[in-house]
>>> print(open('query.txt').read())   # compact mmCIF, C-alpha atoms
# COMPACT_ATOMS: atom_id res chain seq x y z
CA MET A 1 121.90 113.73 141.26
CA GLY A 2 121.47 111.21 144.06
CA GLU A 3 118.74 113.17 145.77
CA ASP A 4 115.40 111.57 145.58
CA LYS A 5 113.01 114.38 146.14
CA ARG A 6 110.94 113.71 143.08
CA SER A 7 107.33 114.41 143.66
CA GLN A 8 104.23 113.62 141.74
CA PRO A 9 103.06 116.01 139.04
CA ALA A 10 101.23 118.89 140.64
CA PRO A 11 97.57 117.95 140.71
CA ALA A 12 95.13 120.41 139.20
CA ALA A 13 93.33 120.93 142.47
CA GLY A 14 89.59 120.98 142.13
CA ALA A 15 89.74 121.23 138.35
CA PRO A 16 87.75 118.79 136.26
CA ALA A 17 89.85 116.18 134.48
CA ARG A 18 90.98 117.45 131.09
CA SER A 19 92.73 115.66 128.30
CA TRP A 20 96.32 116.71 127.70
CA ARG A 21 95.26 117.38 124.13
CA ASP A 22 93.25 120.36 125.40
CA GLY A 23 96.22 121.76 127.27
CA LEU A 24 99.22 120.32 129.10
CA PRO A 25 99.09 120.12 132.88
CA VAL A 26 101.88 121.93 134.73
CA LEU A 27 104.34 119.42 136.25
CA SER A 28 106.59 120.37 139.10
CA ALA A 29 109.07 118.79 141.43
CA GLY A 30 111.90 119.97 143.63
CA GLY A 31 113.69 122.59 141.60
CA VAL A 32 111.87 122.62 138.31
CA THR A 33 108.55 123.28 136.64
CA LEU A 34 107.52 121.93 133.25
CA ARG A 35 104.82 123.79 131.40
CA GLU A 36 103.44 124.29 127.94
CA LEU A 37 105.47 126.59 125.70
CA ARG A 38 104.10 130.07 124.99
CA LEU A 39 104.84 132.24 122.00
CA GLU A 40 106.70 134.68 124.23
CA ASP A 41 109.17 131.90 125.11
CA ALA A 42 110.69 132.16 121.64
CA PRO A 43 113.45 134.68 122.49
CA ALA A 44 114.58 132.66 125.54
CA LEU A 45 114.61 129.45 123.51
CA ALA A 46 116.60 131.11 120.75
CA ALA A 47 119.11 132.43 123.29
CA HIS A 48 119.50 129.13 125.16
CA LEU A 49 119.12 126.52 122.47
CA GLY A 50 120.32 128.21 119.31
CA THR A 51 123.96 127.49 120.10
CA ALA A 52 126.41 125.23 118.32
CA GLU A 53 127.04 123.29 121.52
CA ILE A 54 123.39 122.25 121.72
CA ALA A 55 123.19 121.38 118.06
CA ARG A 56 126.32 119.26 117.98
CA PHE A 57 124.53 115.93 118.17
CA LEU A 58 121.04 117.00 117.20
CA ALA A 59 119.40 118.04 114.01
CA PRO A 60 119.83 121.81 114.14
CA PRO A 61 117.14 123.54 116.23
CA PRO A 62 115.62 126.74 114.83
CA ALA A 63 118.24 129.46 114.50
CA THR A 64 116.06 132.53 115.09
CA VAL A 65 113.31 133.85 117.33
CA ALA A 66 110.91 133.63 114.40
CA GLY A 67 112.01 130.03 113.86
CA PHE A 68 111.23 129.19 117.49
CA GLU A 69 107.86 130.94 117.22
CA GLU A 70 107.02 128.58 114.36
CA PHE A 71 108.28 125.68 116.46
CA ILE A 72 105.93 126.70 119.31
CA VAL A 73 102.91 127.10 117.01
CA GLU A 74 103.65 123.68 115.54
CA ALA A 75 104.01 122.19 119.03
CA HIS A 76 100.52 123.43 119.95
CA ARG A 77 99.08 122.07 116.72
CA GLU A 78 100.68 118.67 117.27
CA ARG A 79 99.39 118.52 120.84
CA ILE A 80 95.83 119.23 119.71
CA HIS A 81 96.13 116.48 117.10
CA GLY A 82 97.59 114.05 119.62
CA GLN A 83 100.86 113.68 117.70
CA ALA A 84 103.39 115.21 120.06
CA ILE A 85 103.74 116.74 123.52
CA THR A 86 106.20 119.56 124.08
CA TYR A 87 107.16 120.86 127.52
CA GLY A 88 109.24 123.88 128.40
CA VAL A 89 111.67 123.53 131.33
CA VAL A 90 111.66 126.37 133.89
CA PRO A 91 114.10 126.01 136.81
CA ASP A 92 112.97 127.36 140.18
CA GLY A 93 113.81 131.03 140.54
CA HIS A 94 113.52 131.67 136.81
CA ASP A 95 110.64 132.92 134.77
CA HIS A 96 111.93 131.77 131.41
CA VAL A 97 112.41 128.40 129.77
CA VAL A 98 115.90 126.94 129.47
CA GLY A 99 115.05 123.72 127.70
CA VAL A 100 112.47 121.61 125.93
CA PHE A 101 111.31 118.01 126.30
CA GLN A 102 109.31 116.49 123.50
CA LEU A 103 107.37 113.22 123.29
CA ARG A 104 106.38 112.16 119.81
CA SER A 105 103.99 109.35 118.97
CA LEU A 106 105.65 106.76 116.72
CA GLU A 107 102.52 104.72 116.15
CA ALA A 108 98.92 105.81 116.06
CA GLY A 109 97.67 106.29 119.60
CA PHE A 110 100.93 106.95 121.47
CA GLY A 111 101.59 103.29 122.40
CA THR A 112 105.21 103.80 121.40
CA ALA A 113 106.72 107.27 121.54
CA GLU A 114 110.10 108.85 121.07
CA TRP A 115 111.44 111.46 123.40
CA THR A 116 114.01 114.14 122.91
CA CYS A 117 115.47 116.83 125.08
CA MET A 118 117.32 120.08 124.55
CA LEU A 119 118.70 121.82 127.61
CA ALA A 120 120.76 125.01 127.79
CA SER A 121 124.39 124.05 128.32
CA ALA A 122 124.62 126.25 131.43
CA TYR A 123 122.32 123.73 133.16
CA TRP A 124 124.21 120.60 132.20
CA GLY A 125 125.44 118.72 135.24
CA THR A 126 123.07 120.46 137.64
CA GLY A 127 120.53 117.67 138.05
CA LEU A 128 117.94 119.67 136.13
CA PHE A 129 117.84 117.07 133.37
CA LEU A 130 117.21 114.16 135.70
CA GLU A 131 114.53 115.98 137.66
CA SER A 132 112.76 117.05 134.47
CA ALA A 133 113.12 113.66 132.82
CA ARG A 134 111.45 111.93 135.75
CA LEU A 135 108.51 114.32 135.55
CA VAL A 136 108.22 113.72 131.83
CA MET A 137 108.38 109.93 132.26
CA ALA A 138 105.73 109.97 134.98
CA PHE A 139 103.48 111.99 132.71
CA ALA A 140 104.22 109.78 129.69
CA PHE A 141 103.53 106.47 131.41
CA ASP A 142 100.90 107.40 134.00
CA THR A 143 98.88 110.05 132.18
CA VAL A 144 99.38 109.54 128.44
CA GLY A 145 99.53 105.75 128.73
CA ILE A 146 102.72 105.27 126.71
CA LEU A 147 103.98 101.68 126.88
CA ARG A 148 107.38 102.14 125.27
CA LEU A 149 109.50 105.28 125.19
CA GLU A 150 112.40 105.30 122.72
CA ALA A 151 115.35 107.66 122.46
CA ARG A 152 118.25 107.87 120.03
CA ALA A 153 121.62 109.44 120.70
CA VAL A 154 124.73 109.61 118.52
CA THR A 155 127.27 107.07 119.81
CA MET A 156 129.88 109.70 120.65
CA ASP A 157 127.38 111.83 122.60
CA GLY A 158 128.60 110.57 125.93
CA ARG A 159 126.52 113.07 127.86
CA GLY A 160 123.29 112.15 126.09
CA ASN A 161 123.88 108.43 126.39
CA GLY A 162 124.93 108.73 130.02
CA ALA A 163 121.80 110.71 130.81
CA LEU A 164 119.59 108.07 129.20
CA ARG A 165 121.28 105.28 131.11
CA LYS A 166 120.85 107.24 134.30
CA VAL A 167 117.08 107.57 133.89
CA GLY A 168 116.85 103.81 133.53
CA ALA A 169 116.70 103.44 129.75
CA VAL A 170 118.00 100.16 128.32
CA GLN A 171 120.30 100.17 125.32
CA GLU A 172 118.66 97.99 122.71
CA GLY A 173 120.90 98.39 119.74
CA VAL A 174 123.10 100.49 117.49
CA LEU A 175 121.46 102.15 114.50
CA ARG A 176 124.20 102.15 111.91
CA ARG A 177 124.73 105.48 110.16
CA SER A 178 121.26 106.62 111.06
CA PHE A 179 122.13 110.25 111.79
CA LYS A 180 123.43 112.70 109.23
CA ARG A 181 125.02 116.07 109.92
CA ASN A 182 126.84 118.21 107.40
CA GLY A 183 127.13 115.35 104.96
CA GLN A 184 128.68 113.04 107.58
CA ARG A 185 126.82 109.96 108.77
CA TYR A 186 126.96 108.75 112.39
CA ASP A 187 125.71 105.72 114.29
CA GLN A 188 123.15 106.19 117.03
CA LEU A 189 122.40 104.16 120.12
CA LEU A 190 118.78 103.20 120.52
CA TRP A 191 117.45 103.32 124.09
CA ALA A 192 114.05 102.41 125.46
CA VAL A 193 112.19 102.64 128.75
CA LEU A 194 109.09 100.47 129.09
CA ALA A 195 106.15 101.41 131.28
CA GLU A 196 106.85 98.31 133.36
CA ASP A 197 110.53 99.33 133.77
CA TRP A 198 109.33 102.69 135.00
CA ARG A 199 106.91 101.20 137.52
CA LEU A 200 109.59 98.90 138.89
CA GLN A 201 111.96 101.84 139.07
CA LYS A 202 109.43 103.90 140.98
CA ARG A 203 108.92 101.09 143.45
CA ASP A 204 112.58 100.56 144.06
CA ARG A 205 114.49 103.47 142.64
CA PRO A 206 118.20 102.79 142.38
CA ARG A 207 120.38 105.62 143.59
CA VAL A 208 122.38 106.53 140.55
CA HIS A 209 125.32 108.87 140.32
CA MET B 1 106.06 93.17 108.06
CA ALA B 2 103.75 95.82 109.27
CA ILE B 3 100.74 96.61 107.21
CA THR B 4 99.80 100.18 107.79
CA VAL B 5 96.18 100.63 107.14
CA ASP B 6 95.44 103.99 108.64
CA THR B 7 97.98 106.30 110.14
CA PRO B 8 101.54 105.29 109.45
CA ARG B 9 104.34 105.72 111.89
CA THR B 10 104.33 109.48 112.04
CA ALA B 11 107.30 111.61 111.16
CA VAL B 12 110.12 111.15 113.59
CA MET B 13 111.03 114.22 115.50
CA THR B 14 113.25 116.78 113.89
CA THR B 15 116.04 116.13 116.35
CA THR B 16 116.65 112.60 115.14
CA ALA B 17 118.29 110.89 112.30
CA THR B 18 116.40 111.85 109.29
CA SER B 19 115.84 115.54 109.26
CA THR B 20 118.67 116.35 106.92
CA PRO B 21 117.51 116.73 103.35
CA ALA B 22 118.17 113.66 101.27
CA PRO B 23 120.43 113.93 98.27
CA ALA B 24 118.72 114.07 94.92
CA PRO B 25 117.46 110.58 94.14
CA ARG B 26 119.61 108.67 91.71
CA ILE B 27 117.78 108.07 88.50
CA ALA B 28 118.62 105.05 86.42
CA PRO B 29 119.78 105.96 82.93
CA GLY B 30 116.89 106.22 80.55
CA SER B 31 114.17 106.04 83.17
CA ALA B 32 112.50 109.10 84.53
CA SER B 33 111.77 108.77 88.24
CA HIS B 34 108.15 109.84 88.38
CA TRP B 35 107.15 107.40 91.06
CA ARG B 36 105.16 110.02 92.91
CA ALA B 37 102.80 110.30 89.93
CA GLU B 38 102.73 106.58 89.30
CA LEU B 39 104.87 103.64 90.35
CA PRO B 40 106.83 101.96 87.58
CA THR B 41 106.24 98.27 87.01
CA LEU B 42 109.33 96.32 88.06
CA ALA B 43 109.71 93.13 86.10
CA GLY B 44 111.55 90.09 87.45
CA ARG B 45 112.12 86.60 86.16
CA THR B 46 109.04 85.00 87.71
CA LEU B 47 106.98 87.96 88.87
CA SER B 48 106.31 91.68 88.51
CA LEU B 49 105.78 94.42 91.02
CA ARG B 50 103.23 97.04 90.13
CA GLN B 51 101.11 99.74 91.71
CA LEU B 52 98.03 98.59 93.61
CA ARG B 53 94.62 99.06 92.00
CA LEU B 54 91.26 99.29 93.73
CA SER B 55 90.25 96.09 91.97
CA ASP B 56 93.03 94.26 93.90
CA ALA B 57 91.03 94.49 97.12
CA PRO B 58 89.32 91.05 96.97
CA ALA B 59 92.60 89.30 96.13
CA LEU B 60 94.41 91.01 99.01
CA LEU B 61 91.61 90.11 101.36
CA ALA B 62 91.83 86.47 100.31
CA THR B 63 95.61 86.17 100.60
CA LEU B 64 96.53 88.44 103.51
CA SER B 65 93.68 88.09 105.97
CA VAL B 66 94.35 84.49 106.85
CA GLU B 67 95.71 83.86 110.32
CA GLU B 68 98.95 82.32 109.11
CA VAL B 69 99.88 85.43 107.14
CA ALA B 70 98.46 88.01 109.53
CA ARG B 71 100.02 86.53 112.66
CA PHE B 72 102.95 88.93 112.86
CA ILE B 73 101.58 91.95 111.06
CA SER B 74 99.24 94.67 112.20
CA THR B 75 95.72 93.39 111.80
CA PRO B 76 94.76 93.77 108.13
CA PRO B 77 91.31 94.95 107.04
CA ARG B 78 88.56 92.34 107.41
CA THR B 79 86.59 93.24 104.30
CA ALA B 80 87.21 94.03 100.64
CA ALA B 81 85.87 97.53 101.32
CA GLY B 82 88.49 97.87 104.06
CA PHE B 83 91.22 96.90 101.61
CA GLU B 84 89.84 99.42 99.11
CA ARG B 85 90.27 102.14 101.71
CA PHE B 86 93.79 100.87 102.38
CA ILE B 87 94.60 100.96 98.65
CA GLU B 88 93.24 104.49 98.36
CA TRP B 89 95.39 105.49 101.30
CA THR B 90 98.49 103.94 99.67
CA LEU B 91 97.90 105.92 96.47
CA GLN B 92 97.42 109.15 98.41
CA ALA B 93 100.55 108.63 100.52
CA ARG B 94 102.56 107.82 97.37
CA ALA B 95 101.33 111.00 95.68
CA GLU B 96 102.54 112.92 98.75
CA GLY B 97 105.95 111.32 98.26
CA ARG B 98 106.23 109.64 101.67
CA TYR B 99 105.29 106.02 101.00
CA VAL B 100 105.18 103.39 98.26
CA CYS B 101 103.37 100.08 98.10
CA PHE B 102 103.96 97.46 95.40
CA ALA B 103 101.67 94.57 94.53
CA VAL B 104 103.47 91.26 93.93
CA VAL B 105 102.01 89.62 90.81
CA PRO B 106 103.51 86.31 89.61
CA HIS B 107 103.82 85.94 85.85
CA GLY B 108 100.66 84.37 84.44
CA MET B 109 98.48 85.98 87.12
CA THR B 110 96.70 89.33 87.14
CA THR B 111 95.97 89.71 90.84
CA PRO B 112 98.49 90.22 93.63
CA VAL B 113 99.62 87.52 96.04
CA GLY B 114 101.36 89.94 98.36
CA ILE B 115 102.56 93.47 98.96
CA PHE B 116 105.80 95.30 99.76
CA GLN B 117 105.63 98.65 101.52
CA VAL B 118 108.32 101.30 102.01
CA ARG B 119 107.78 104.42 104.10
CA GLN B 120 109.99 107.28 105.08
CA LEU B 121 110.80 107.47 108.79
CA GLY B 122 111.62 111.15 109.05
CA ALA B 123 111.25 114.30 107.05
CA THR B 124 112.83 112.58 104.02
CA PHE B 125 113.35 109.13 102.56
CA ALA B 126 117.03 109.01 103.66
CA THR B 127 115.96 106.54 106.34
CA ALA B 128 113.03 104.34 105.43
CA GLU B 129 111.27 101.27 106.78
CA TRP B 130 109.97 98.42 104.72
CA GLY B 131 107.46 95.69 105.38
CA PHE B 132 105.97 92.88 103.38
CA ALA B 133 103.30 90.22 103.38
CA LEU B 134 103.01 87.29 101.00
CA GLY B 135 100.13 84.83 100.76
CA ALA B 136 101.00 81.54 102.49
CA ASP B 137 100.38 79.53 99.30
CA TYR B 138 103.28 81.41 97.74
CA TRP B 139 105.88 80.82 100.43
CA GLY B 140 108.94 78.75 99.62
CA ARG B 141 108.98 79.49 95.89
CA GLY B 142 111.62 82.19 95.79
CA TYR B 143 109.05 84.93 95.27
CA PHE B 144 110.08 86.79 98.38
CA VAL B 145 113.75 87.12 97.51
CA GLU B 146 113.07 88.06 93.92
CA ALA B 147 110.50 90.70 94.87
CA ALA B 148 112.64 91.99 97.73
CA ARG B 149 115.59 92.55 95.40
CA LEU B 150 113.43 94.55 93.01
CA VAL B 151 112.04 96.64 95.86
CA LEU B 152 115.49 97.32 97.34
CA ASP B 153 116.92 98.29 93.94
CA PHE B 154 114.03 100.69 93.48
CA ALA B 155 114.31 102.15 96.98
CA PHE B 156 118.07 102.70 96.89
CA ASP B 157 118.42 103.72 93.24
CA GLN B 158 115.19 105.58 92.50
CA VAL B 159 113.87 106.87 95.80
CA GLY B 160 117.22 107.77 97.35
CA VAL B 161 116.96 105.66 100.50
CA GLU B 162 120.29 105.43 102.35
CA ARG B 163 119.26 103.29 105.29
CA MET B 164 116.44 100.75 105.09
CA GLU B 165 115.09 99.44 108.38
CA ALA B 166 112.84 96.47 108.99
CA ARG B 167 111.19 95.26 112.18
CA SER B 168 110.05 91.70 112.64
CA ALA B 169 108.52 90.05 115.70
CA THR B 170 111.10 87.78 117.37
CA PRO B 171 108.92 84.64 117.04
CA ASN B 172 108.57 85.29 113.30
CA GLY B 173 111.41 82.99 112.25
CA ARG B 174 110.38 83.08 108.60
CA GLY B 175 110.44 86.87 108.44
CA ASN B 176 113.72 87.19 110.30
CA GLY B 177 115.31 84.46 108.21
CA ALA B 178 114.20 86.19 105.03
CA LEU B 179 115.79 89.45 106.13
CA ARG B 180 119.03 87.77 107.10
CA LYS B 181 119.17 85.97 103.75
CA LEU B 182 118.97 89.29 101.94
CA GLY B 183 121.99 90.58 103.79
CA ALA B 184 120.21 92.73 106.36
CA VAL B 185 122.20 93.34 109.56
CA TRP B 186 120.60 92.67 112.91
CA GLU B 187 120.96 95.77 115.07
CA GLY B 188 118.98 95.05 118.18
CA VAL B 189 115.83 93.87 119.88
CA LEU B 190 113.03 96.37 120.41
CA ARG B 191 111.45 95.20 123.62
CA ARG B 192 107.66 94.97 123.64
CA SER B 193 107.45 97.17 120.57
CA PHE B 194 104.70 95.28 118.77
CA VAL B 195 101.22 95.00 120.24
CA LYS B 196 98.87 92.51 118.65
CA ASP B 197 95.61 91.31 120.16
CA ALA B 198 96.60 92.68 123.57
CA CYS B 199 99.86 90.70 123.39
CA GLN B 200 103.12 92.65 123.52
CA MET B 201 105.94 91.14 121.47
CA ASP B 202 109.59 92.02 121.02
CA GLN B 203 110.77 92.84 117.52
CA MET B 204 114.15 92.41 115.89
CA LEU B 205 115.49 95.50 114.16
CA TRP B 206 117.33 94.97 110.86
CA SER B 207 118.92 97.40 108.47
CA ILE B 208 120.50 97.48 105.04
CA LEU B 209 122.61 100.46 104.00
CA ALA B 210 122.72 101.62 100.40
CA ASP B 211 126.43 100.90 99.91
CA GLU B 212 126.05 97.43 101.44
CA TRP B 213 123.24 96.69 99.06
CA ARG B 214 125.28 97.76 96.06
CA GLU B 215 128.10 95.51 97.18
CA VAL B 216 125.80 92.56 97.84
CA ARG B 217 124.04 92.72 94.52
CA SER B 218 127.24 93.15 92.53
CA GLY B 219 128.00 89.53 93.45
CA TRP B 220 124.70 88.27 92.19
CA THR B 221 124.10 86.45 88.93
CA GLY B 222 120.75 86.31 87.22
CA ALA B 223 119.74 83.33 89.31
CA VAL B 224 117.28 83.86 92.09
CA LEU B 225 118.48 82.76 95.50
CA THR B 226 116.18 80.11 96.83
CA HIS B 227 118.04 78.40 99.63
>>> encode(input="query.txt", output="structure tokens")
Amino acid sequence: MGEDKRSQPAPAAGAPARSWRDGLPVLSAGGVTLRELRLEDAPALAAHLGTAEIARFLAPPPATVAGFEEFIVEAHRERIHGQAITYGVVPDGHDHVVGVFQLRSLEAGFGTAEWTCMLASAYWGTGLFLESARLVMAFAFDTVGILRLEARAVTMDGRGNGALRKVGAVQEGVLRRSFKRNGQRYDQLLWAVLAEDWRLQKRDRPRVH
Amino acid sequence: MAITVDTPRTAVMTTTATSTPAPAPRIAPGSASHWRAELPTLAGRTLSLRQLRLSDAPALLATLSVEEVARFISTPPRTAAGFERFIEWTLQARAEGRYVCFAVVPHGMTTPVGIFQVRQLGATFATAEWGFALGADYWGRGYFVEAARLVLDFAFDQVGVERMEARSATPNGRGNGALRKLGAVWEGVLRRSFVKDACQMDQMLWSILADEWREVRSGWTGAVLTH
């Protein structure tokens, strides 16, 4: 986790500048590649993310391959309309996705966005999250122009909250009973990273463990 | 306090709070909850809340477009035609079941002096956000608290809201004081979350939960709180 081998998103060498709404650029850094989801990713997503462990603190992800196919089609539609950006996470040495990062515009024009992440539990604690999250943040702030990136995590989701703290998010408050699962209501912590936080962090990245 | 004129805050991602289906909305005895077809008129002691009409556009322009009122809300339309488009949008969003907007009409008047908006924050109305704007000439008369109580009763009892959020710019002492007076709980500060005229402001986040509201109002008498 302490390694600092983050690199810039892979430039599209020689290609004319395109808007992310036309298609997401591939982002890569030491150990991981983030790319747009494809329909054929649905079985891998269902296998990796359709588990109870993943869904414990999240609204349930799709439960079937067909459900994930719909999710992917919707992700493409939302990207074209400028509403959301969805990246698949592919660790080096793999050819299938093991997780998803999503950025969703909360106000018209993506000034404020919310991000969420689902990662296969086999990759928890490997540094894959941190590496991927940094790529996503660089893309969000430097390419999309997001000024404020929010995230919510159930208070008892120690892993989720720890991960957010580690990427430099600031806890701004507790959303009382804002999350409901199986008829039970839970509090969530609200976290935010500002573009200016990110730029400071890039300049002088703290070594976090 | 936000006036949403075009695109509202879009649906929050499915992995957050509000993706679980809301329970069936509670319907007050004897009143059918057909608010998607048309908002009911909510009558108070000194004012009524009713659905907006296209003919309200000039009155809204006159009361809400002044600097004093618009200071901490998203820039309102600058013309009556702009407010007509806003009103059309409010009716459409209501018909789709994701948003309601009430006009505040004091007794003895026919045109609104302010608006209250409620929008769902996720796939359902279980978590919602409200905002309001009242013409400056009507501040300090108890209109806000009376209208707010009617709106909250409607939201919690008719729409099925379980958690009502509000955001108010930190320098907006009047707005934050009004929320506190109603019993809203301050949950945090959203750093730089409000951009107005190229100026980024922090906002305070407030919430009222349905059971809190029921407890608060059970202690109320018919009198309107004005202090």
>>> closest_residue(input="query.txt", among="A:Trp115, A:Phe179, A:Trp191, A:Phe129", to="chain B", atoms="all atoms listed in the file")
A:Phe179
>>> closest_atom_pairs(input="query.txt", of="chain A", to="chain B", cutoff="10 Å", atoms="all atoms listed in the file", output="tab-separated table")
residue	atom	partner	partner_atom	distance
A:Ala55	CA	B:Thr15	CA	9.0
A:Phe57	CA	B:Thr15	CA	8.7
A:Leu58	CA	B:Thr15	CA	5.1
A:Ala59	CA	B:Thr15	CA	4.5
A:Pro60	CA	B:Thr15	CA	7.2
A:Pro61	CA	B:Thr15	CA	7.5
A:Gln83	CA	B:Thr10	CA	7.9
A:Ala84	CA	B:Met13	CA	9.0
A:Gln102	CA	B:Met13	CA	8.5
A:Leu103	CA	B:Met13	CA	8.7
A:Arg104	CA	B:Met13	CA	6.7
A:Ser105	CA	B:Thr10	CA	6.9
A:Leu106	CA	B:Arg9	CA	5.1
A:Glu107	CA	B:Arg9	CA	4.7
A:Ala108	CA	B:Thr7	CA	6.0
A:Gly109	CA	B:Thr7	CA	9.5
A:Gly111	CA	B:Val195	CA	8.6
A:Thr112	CA	B:Ser193	CA	7.0
A:Ala113	CA	B:Val12	CA	9.5
A:Glu114	CA	B:Met13	CA	7.8
A:Trp115	CA	B:Met13	CA	8.4
A:Thr116	CA	B:Thr15	CA	7.1
A:Cys117	CA	B:Thr15	CA	8.8
A:Met118	CA	B:Thr15	CA	9.2
A:Leu147	CA	B:Arg192	CA	8.3
A:Arg148	CA	B:Ser193	CA	6.8
A:Leu149	CA	B:Ser193	CA	9.6
A:Glu150	CA	B:Leu190	CA	9.2
A:Ala151	CA	B:Thr16	CA	8.9
A:Arg152	CA	B:Thr16	CA	7.0
A:Ala153	CA	B:Thr16	CA	8.1
A:Val154	CA	B:Ala17	CA	9.0
A:Val170	CA	B:Arg191	CA	9.5
A:Gln171	CA	B:Gly188	CA	8.9
A:Glu172	CA	B:Gly188	CA	5.4
A:Gly173	CA	B:Gly188	CA	4.2
A:Val174	CA	B:Glu187	CA	5.7
A:Leu175	CA	B:Glu187	CA	6.4
A:Arg176	CA	B:Glu187	CA	7.8
A:Arg177	CA	B:Arg163	CA	7.6
A:Ser178	CA	B:Ala17	CA	5.3
A:Phe179	CA	B:Ala17	CA	3.9
A:Lys180	CA	B:Ala17	CA	6.3
A:Arg181	CA	B:Thr20	CA	7.0
A:Asn182	CA	B:Thr20	CA	8.4
A:Gly183	CA	B:Thr20	CA	8.7
A:Arg185	CA	B:Ala17	CA	9.3
A:Tyr186	CA	B:Ala17	CA	8.9
A:Asp187	CA	B:Ala17	CA	9.3
A:Gln188	CA	B:Ala17	CA	8.3
A:Leu189	CA	B:Glu187	CA	9.9
A:Leu190	CA	B:Gly188	CA	8.5
A:Trp191	CA	B:Leu190	CA	9.0
A:Ala192	CA	B:Arg191	CA	7.9
A:Val193	CA	B:Arg191	CA	9.1
A:Leu194	CA	B:Arg192	CA	7.9
>>> residues_around(input="query.txt", residues="Val32 in chain A", least_positions_apart="4", cutoff="9 Å", atoms="only C-alpha atoms", output="ChimeraX atom specification")
/A:27-28,89-93,128,131-132
>>> closest_residue(input="query.txt", among="B:Arg94, B:Arg174, B:Arg36, B:Arg214", to="Arg71 in chain B", atoms="all atoms listed in the file")
B:Arg174
>>> residues_around(input="query.txt", residues="range 100-112 of chain B", least_positions_apart="3", cutoff="6 Å", atoms="all atoms listed in the file", output="list in words")
Thr46, Leu47, Ser48, Leu49, Arg50, Gln51, Leu52, Arg94, Ile115, Phe116, Gln117 and Val118 of chain B
>>> closest_residue(input="query.txt", among="A:Phe71, A:Trp124, A:Trp198, A:Phe110", to="Val144 in chain A", atoms="all atoms listed in the file")
A:Phe110
>>> residues_around(input="query.txt", residues="Ser168 in chain B", least_positions_apart="4", cutoff="8 Å", atoms="all atoms listed in the file", output="list in words")
Met1, Phe72, Asn172, Gly175, Asn176, Gln203, Met204 and Leu205 of chain B
>>> atom_distance(input="query.txt", atom1="CA of Glu40 in chain A", atom2="CA of Val73 in chain A")
11.1 Å
